[in-house]
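*Asks:* Got a structure for you, questions after.
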Amino acid sequence: MAMRLPAHGRHKVLVHGLPGTGKTTLISRVIEELPDPKRGFLTREVREGGRRVGFKIRTLDGREAWLAKRGRGWPQVGKYRVFLEIFEKLALSALAPSEPGTLYVVDEIGKMEIFSEAFCQRIRELLSGPEPVLASVGYGKVPFLEEIFRLESPVFCEITPENRDYLVERIRVEFERPGRLIVFEGLDGSGKSTLAQELARKLKEEGLRVLLTREPTGGEWGQKIREHLQKRTPLSPQAYAELFFRDRWEHAQKVLVPALARGKIVLCDRYYLSTLAYQGSQGLSVKDLWRRNETVAPVPDLVVFVDVPVELALERIRARNTPRELYEREEELSAIRKIYLQVLPRFRHLKLSGDRPVEELLEKLRKELAEGLLP
């Protein structure tokens with residue numbers, strides 16, 4: 001049975017982290033339950049008498065060879081001589097083009113491996129092509145590694161001792177996703193929450209398994225966020241970003257990932273695009289926010305952005321006759337909307353005009369869902 005890939009189209013996941021955090025173990029655990037076809041290789045340490053003497057690569061079809069061993073020679077990385085010809089022969093055969101839908105596994109793209117220009121070229125081909133890829137990437141001030149980290153389309157996941165067990169299921173749903181994740185974004189007052197609720201009702205009437213959820217959540221972190229927003233607590237942008245991150249991680253781990261694995265259609269009212277737009281408008285790096293949140297949060301299959309003029313959003317907010325929350329001022333909302341419009345093209349998205357009747361928006365949304373989005 002072939003993998004049931006997400007509908008968002010970003011099927012490259014790059015794992016990075018400090019030495020000893022368990023990148024190889026993580027990748028091994030991710031792929032062991034993914035269906036074939038799979039190709040590629042893993043790298044393991046070789047120890048003798050408790051002392052590391054080198055590294056071997058093992059292909060997914062069972063072939064093995066030395067990558068590097070203690071000693072002198074060229075190429076050299078630290079104490080280790082790299083066996084370039086042996087590596088190229090084995091690695092390139094393991095990564096050779098195969099049938100459509102093959103998952104390519106590369107552990108790792110590091111200082112030793114990139115001595116091979118042929119290997120670097122194959123990695124460029126894989127990362128720019130349609131094939132799903134799961135790879136680990138090493139650190140270093142090396143041009144090819146820096147080139148990899150400048151890429152925008154892959155999903156970057158930073159492994160730490162705190163998250164490495166959770167990342168097994170989190171990464172797996174980027175390659176095997178029976179369900180769908182549809183998120184609703186927009187300014188306060190755009191009508192996105194109403195649209196999400198109406199879509200949930202319609203899909204349930206059709207007998208589909210639907211989960212309607214939201215961020216901030218009703219959990220401990222989410223309640224803290226809502227309290228601070230309502231009180232307009234003058235926390236730093238970094239503090240708000242951290243609160244949202246903690247809430248989102250808990251939400252993804254306990255709700256989103258399990259629901260997607262069970263084949264549910266998850267409709268989420270706000271997601272990490274809100275963090276990019278709201279905290280990004282406060283001066284934080286959108287790229288850094290993006291990568292940190294995507295480490296723990298599955299990429300949405302579809303972003304539904306309900307767009308309204310800032311003036312209309314403020315008019316609707318005032319009509320609620322409730323105390324204004326943080327960010328609900330014209331200048332701030334304009335900056336937030338600007339970032340939304342900048343990041344949307346990097347997602348599969350549907351932009352709707354929030355000044356139109358909800359029935360009209362639902363009709364357009366249903367047409368988009370019919371394009372391969374419903375499982």
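Scheme for the structure tokens: letters A, B, ... for chains in order shown; per-chain residue numbers from 1; ligand numbers from 1 in order shown.
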Give me the residues near Pro237 in chain A as a short mmCIF file (atom, residue, chain, number, x, y, z; two decimals) with N, CA, C and O atoms, in the first residue's frame, where near means some atom within 12 Å (using only C-alpha atoms) and where sequence neighbours in that chain fewer than 6 positions away do not count.

*Replies:*
data_model
loop_
_atom_site.label_atom_id
_atom_site.label_comp_id
_atom_site.auth_asym_id
_atom_site.auth_seq_id
_atom_site.Cartn_x
_atom_site.Cartn_y
_atom_site.Cartn_z
N LEU A 243 4.34 31.36 24.80
CA LEU A 243 3.06 30.85 25.29
C LEU A 243 2.29 30.15 24.17
O LEU A 243 1.75 29.05 24.35
N PHE A 244 2.24 30.79 23.00
CA PHE A 244 1.54 30.18 21.87
C PHE A 244 2.22 28.89 21.45
O PHE A 244 1.55 27.91 21.09
N THR A 275 0.64 33.03 14.61
CA THR A 275 1.88 33.41 15.29
C THR A 275 2.81 34.15 14.34
O THR A 275 3.43 35.16 14.71
N LEU A 276 2.94 33.64 13.11
CA LEU A 276 3.80 34.31 12.14
C LEU A 276 3.34 35.74 11.92
O LEU A 276 4.16 36.68 11.87
N ALA A 277 2.03 35.95 11.79
CA ALA A 277 1.50 37.28 11.48
C ALA A 277 1.49 38.19 12.70
O ALA A 277 1.94 39.34 12.63
N TYR A 278 0.99 37.70 13.82
CA TYR A 278 0.82 38.57 15.00
C TYR A 278 2.16 38.84 15.68
O TYR A 278 2.52 40.00 15.93
N GLN A 279 2.92 37.79 16.01
CA GLN A 279 4.22 38.03 16.66
C GLN A 279 5.25 38.55 15.65
O GLN A 279 6.14 39.31 16.00
N GLY A 280 5.10 38.16 14.38
CA GLY A 280 5.98 38.72 13.36
C GLY A 280 5.79 40.21 13.19
O GLY A 280 6.75 40.95 12.94
N SER A 281 4.55 40.68 13.36
CA SER A 281 4.29 42.12 13.25
C SER A 281 4.88 42.90 14.41
O SER A 281 5.00 44.13 14.34
N GLN A 282 5.28 42.18 15.47
CA GLN A 282 5.90 42.82 16.62
C GLN A 282 7.43 42.80 16.55
O GLN A 282 8.11 43.12 17.52
N GLY A 283 7.97 42.38 15.39
CA GLY A 283 9.41 42.47 15.18
C GLY A 283 10.16 41.16 15.28
O GLY A 283 11.38 41.14 15.05
N LEU A 284 9.48 40.04 15.62
CA LEU A 284 10.19 38.77 15.69
C LEU A 284 10.41 38.21 14.28
O LEU A 284 9.67 38.52 13.35
N SER A 285 11.44 37.41 14.13
CA SER A 285 11.78 36.83 12.83
C SER A 285 10.70 35.84 12.39
O SER A 285 10.47 34.83 13.07
N LEU A 289 10.21 31.92 13.70
CA LEU A 289 8.92 31.47 14.23
C LEU A 289 8.39 30.30 13.42
O LEU A 289 7.87 29.32 13.97
N LEU A 326 -5.63 42.77 23.04
CA LEU A 326 -4.37 43.22 22.45
C LEU A 326 -4.41 43.03 20.94
O LEU A 326 -5.04 42.10 20.45
N TYR A 327 -3.78 43.88 20.20
CA TYR A 327 -3.65 43.86 18.74
C TYR A 327 -4.87 44.45 18.01
O TYR A 327 -4.83 44.56 16.79
#

*Asks:* Can you list, as a PyMOL selection string, every protein, DNA or RNA residue that comes within 8 Å of Cys268 in chain A when you count only C-alpha atoms, leaving out same-chain residues fewer than 2 positions away?

*Replies:* chain A and resi 181-184+196+212-215+266+270-271

*Asks:* For range 71-82 of chain A, list every protein, DNA or RNA residue within 8 Å, evaluated using only C-alpha atoms, and leave out those in the same chain fewer than 4 positions away; present the list as a list in words.

*Replies:*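 The filter keeps Gly54, Leu67, Lys111, Met112 and Phe115 of chain A.
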
*Asks:* Could you take the residues named above and write them with N, CA, C and O atoms, as a PDB file, in the first residue's frame?

*Replies:*
ATOM      1  N   GLY A  54      34.736   4.798  14.055  1.00  0.00           N
ATOM      2  CA  GLY A  54      34.318   5.248  12.735  1.00  0.00           C
ATOM      3  C   GLY A  54      32.818   5.188  12.546  1.00  0.00           C
ATOM      4  O   GLY A  54      32.048   5.079  13.514  1.00  0.00           O
ATOM      5  N   LEU A  67      31.892   4.393   5.977  1.00  0.00           N
ATOM      6  CA  LEU A  67      31.871   5.788   5.528  1.00  0.00           C
ATOM      7  C   LEU A  67      33.181   6.459   5.932  1.00  0.00           C
ATOM      8  O   LEU A  67      33.806   7.165   5.125  1.00  0.00           O
ATOM      9  N   LYS A 111      29.159  16.746   6.896  1.00  0.00           N
ATOM     10  CA  LYS A 111      30.470  17.170   6.413  1.00  0.00           C
ATOM     11  C   LYS A 111      31.210  16.066   5.675  1.00  0.00           C
ATOM     12  O   LYS A 111      31.923  16.338   4.709  1.00  0.00           O
ATOM     13  N   MET A 112      31.050  14.827   6.122  1.00  0.00           N
ATOM     14  CA  MET A 112      31.749  13.729   5.459  1.00  0.00           C
ATOM     15  C   MET A 112      31.144  13.437   4.089  1.00  0.00           C
ATOM     16  O   MET A 112      31.858  13.312   3.090  1.00  0.00           O
ATOM     17  N   PHE A 115      31.682  15.721   0.733  1.00  0.00           N
ATOM     18  CA  PHE A 115      32.893  15.715  -0.079  1.00  0.00           C
ATOM     19  C   PHE A 115      32.580  15.199  -1.481  1.00  0.00           C
ATOM     20  O   PHE A 115      33.307  15.481  -2.434  1.00  0.00           O
TER      21      PHE A 115
END

*Asks:* Find the spatial neighbours of range 348-363 of chain A, counting only C-alpha atoms, within a cut-off of 7 Å - ignore same-chain residues fewer than 6 positions away - and output them as a PyMOL selection string.

*Replies:* chain A and resi 8+190-191+195+199+301-308

*Asks:* For the contact check between range 155-198 of chain A and range 22-42 of chain A, emit one row per residue of range 155-198 of chain A within 10 Å, containing the shortest atom pair and the distance in Å rounded to one decimal, counting only C-alpha atoms, chain then rising number order, as JSON lines.

*Replies:*
{"residue": "A:Glu158", "atom": "CA", "partner": "A:Lys23", "partner_atom": "CA", "distance": 9.3}
{"residue": "A:Ile159", "atom": "CA", "partner": "A:Lys23", "partner_atom": "CA", "distance": 7.0}
{"residue": "A:Thr160", "atom": "CA", "partner": "A:Gly22", "partner_atom": "CA", "distance": 8.2}
{"residue": "A:Pro161", "atom": "CA", "partner": "A:Gly22", "partner_atom": "CA", "distance": 8.1}
{"residue": "A:Arg164", "atom": "CA", "partner": "A:Leu26", "partner_atom": "CA", "distance": 6.9}
{"residue": "A:Asp165", "atom": "CA", "partner": "A:Leu26", "partner_atom": "CA", "distance": 7.8}
{"residue": "A:Tyr166", "atom": "CA", "partner": "A:Leu26", "partner_atom": "CA", "distance": 9.7}
{"residue": "A:Leu167", "atom": "CA", "partner": "A:Leu26", "partner_atom": "CA", "distance": 7.5}
{"residue": "A:Val168", "atom": "CA", "partner": "A:Val30", "partner_atom": "CA", "distance": 5.3}
{"residue": "A:Glu169", "atom": "CA", "partner": "A:Val30", "partner_atom": "CA", "distance": 7.2}
{"residue": "A:Arg170", "atom": "CA", "partner": "A:Val30", "partner_atom": "CA", "distance": 9.2}
{"residue": "A:Ile171", "atom": "CA", "partner": "A:Val30", "partner_atom": "CA", "distance": 7.1}
{"residue": "A:Arg172", "atom": "CA", "partner": "A:Val30", "partner_atom": "CA", "distance": 5.8}
{"residue": "A:Val173", "atom": "CA", "partner": "A:Val30", "partner_atom": "CA", "distance": 9.6}
{"residue": "A:Phe175", "atom": "CA", "partner": "A:Leu34", "partner_atom": "CA", "distance": 7.8}
{"residue": "A:Glu176", "atom": "CA", "partner": "A:Leu34", "partner_atom": "CA", "distance": 7.0}

*Asks:* Next, the residues of the selection above should be written as a PDB file, in the first residue's frame with N, CA and C atoms.

*Replies:*
ATOM      1  N   GLU A 158      13.702  20.417  14.360  1.00  0.00           N
ATOM      2  CA  GLU A 158      14.877  20.388  15.236  1.00  0.00           C
ATOM      3  C   GLU A 158      14.631  19.418  16.383  1.00  0.00           C
ATOM      4  N   ILE A 159      15.423  18.364  16.434  1.00  0.00           N
ATOM      5  CA  ILE A 159      15.263  17.353  17.474  1.00  0.00           C
ATOM      6  C   ILE A 159      15.989  17.785  18.741  1.00  0.00           C
ATOM      7  N   THR A 160      15.339  17.570  19.888  1.00  0.00           N
ATOM      8  CA  THR A 160      15.923  17.821  21.200  1.00  0.00           C
ATOM      9  C   THR A 160      15.569  16.645  22.104  1.00  0.00           C
ATOM     10  N   PRO A 161      16.265  16.496  23.239  1.00  0.00           N
ATOM     11  CA  PRO A 161      15.872  15.426  24.168  1.00  0.00           C
ATOM     12  C   PRO A 161      14.418  15.552  24.611  1.00  0.00           C
ATOM     13  N   ARG A 164      12.056  14.437  21.149  1.00  0.00           N
ATOM     14  CA  ARG A 164      12.406  13.399  20.171  1.00  0.00           C
ATOM     15  C   ARG A 164      11.406  12.242  20.133  1.00  0.00           C
ATOM     16  N   ASP A 165      10.783  11.899  21.239  1.00  0.00           N
ATOM     17  CA  ASP A 165       9.787  10.827  21.189  1.00  0.00           C
ATOM     18  C   ASP A 165       8.535  11.285  20.450  1.00  0.00           C
ATOM     19  N   TYR A 166       8.084  12.492  20.730  1.00  0.00           N
ATOM     20  CA  TYR A 166       6.896  13.012  20.047  1.00  0.00           C
ATOM     21  C   TYR A 166       7.134  13.162  18.545  1.00  0.00           C
ATOM     22  N   LEU A 167       8.356  13.525  18.145  1.00  0.00           N
ATOM     23  CA  LEU A 167       8.626  13.776  16.730  1.00  0.00           C
ATOM     24  C   LEU A 167       8.413  12.544  15.853  1.00  0.00           C
ATOM     25  N   VAL A 168       8.426  11.358  16.419  1.00  0.00           N
ATOM     26  CA  VAL A 168       8.194  10.156  15.613  1.00  0.00           C
ATOM     27  C   VAL A 168       6.821  10.249  14.945  1.00  0.00           C
ATOM     28  N   GLU A 169       5.777  10.485  15.738  1.00  0.00           N
ATOM     29  CA  GLU A 169       4.426  10.569  15.181  1.00  0.00           C
ATOM     30  C   GLU A 169       4.220  11.876  14.433  1.00  0.00           C
ATOM     31  N   ARG A 170       4.837  12.953  14.921  1.00  0.00           N
ATOM     32  CA  ARG A 170       4.655  14.242  14.261  1.00  0.00           C
ATOM     33  C   ARG A 170       5.197  14.210  12.818  1.00  0.00           C
ATOM     34  N   ILE A 171       6.396  13.622  12.642  1.00  0.00           N
ATOM     35  CA  ILE A 171       6.973  13.552  11.304  1.00  0.00           C
ATOM     36  C   ILE A 171       6.236  12.526  10.444  1.00  0.00           C
ATOM     37  N   ARG A 172       5.795  11.447  11.056  1.00  0.00           N
ATOM     38  CA  ARG A 172       5.126  10.401  10.284  1.00  0.00           C
ATOM     39  C   ARG A 172       3.884  10.937   9.569  1.00  0.00           C
ATOM     40  N   VAL A 173       3.160  11.895  10.186  1.00  0.00           N
ATOM     41  CA  VAL A 173       1.943  12.400   9.529  1.00  0.00           C
ATOM     42  C   VAL A 173       2.257  13.312   8.346  1.00  0.00           C
ATOM     43  N   PHE A 175       4.070  12.051   5.967  1.00  0.00           N
ATOM     44  CA  PHE A 175       4.215  11.053   4.908  1.00  0.00           C
ATOM     45  C   PHE A 175       3.033  10.084   4.855  1.00  0.00           C
ATOM     46  N   GLU A 176       2.399   9.858   5.967  1.00  0.00           N
ATOM     47  CA  GLU A 176       1.243   8.956   6.037  1.00  0.00           C
ATOM     48  C   GLU A 176       0.156   9.690   6.817  1.00  0.00           C
TER      49      GLU A 176
END

*Asks:* Considering only strand (DSSP E) as DSSP defines it on the backbone, what residues of range 177-340 of chain A qualify? List them as a PyMOL selection string.

*Replies:* chain A and resi 180-185+210-214+265-269+302-307

*Asks:* Between A:Ala7, A:Leu127, A:Ile57, A:Val13, single out the one closest to Pro375 in chain A, counting only C-alpha atoms.

*Replies:*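 Residue with the minimum atom-to-atom distance to Pro375 in chain A: A:Ala7.
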
*Asks:* Got a sec to tell me which of range 293-371 of chain A DSSP assigns to alpha helix (DSSP H), as a PyMOL selection string?

*Replies:* chain A and resi 293-296+310-319+330-343+358-369

*Asks:* Quick check, in Å to one decimal: how far apart do CA of Gly101 in chain A and CA of Arg177 in chain A lie?

*Replies:*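 Going from CA of Gly101 in chain A over to CA of Arg177 in chain A covers 14.2 Å.
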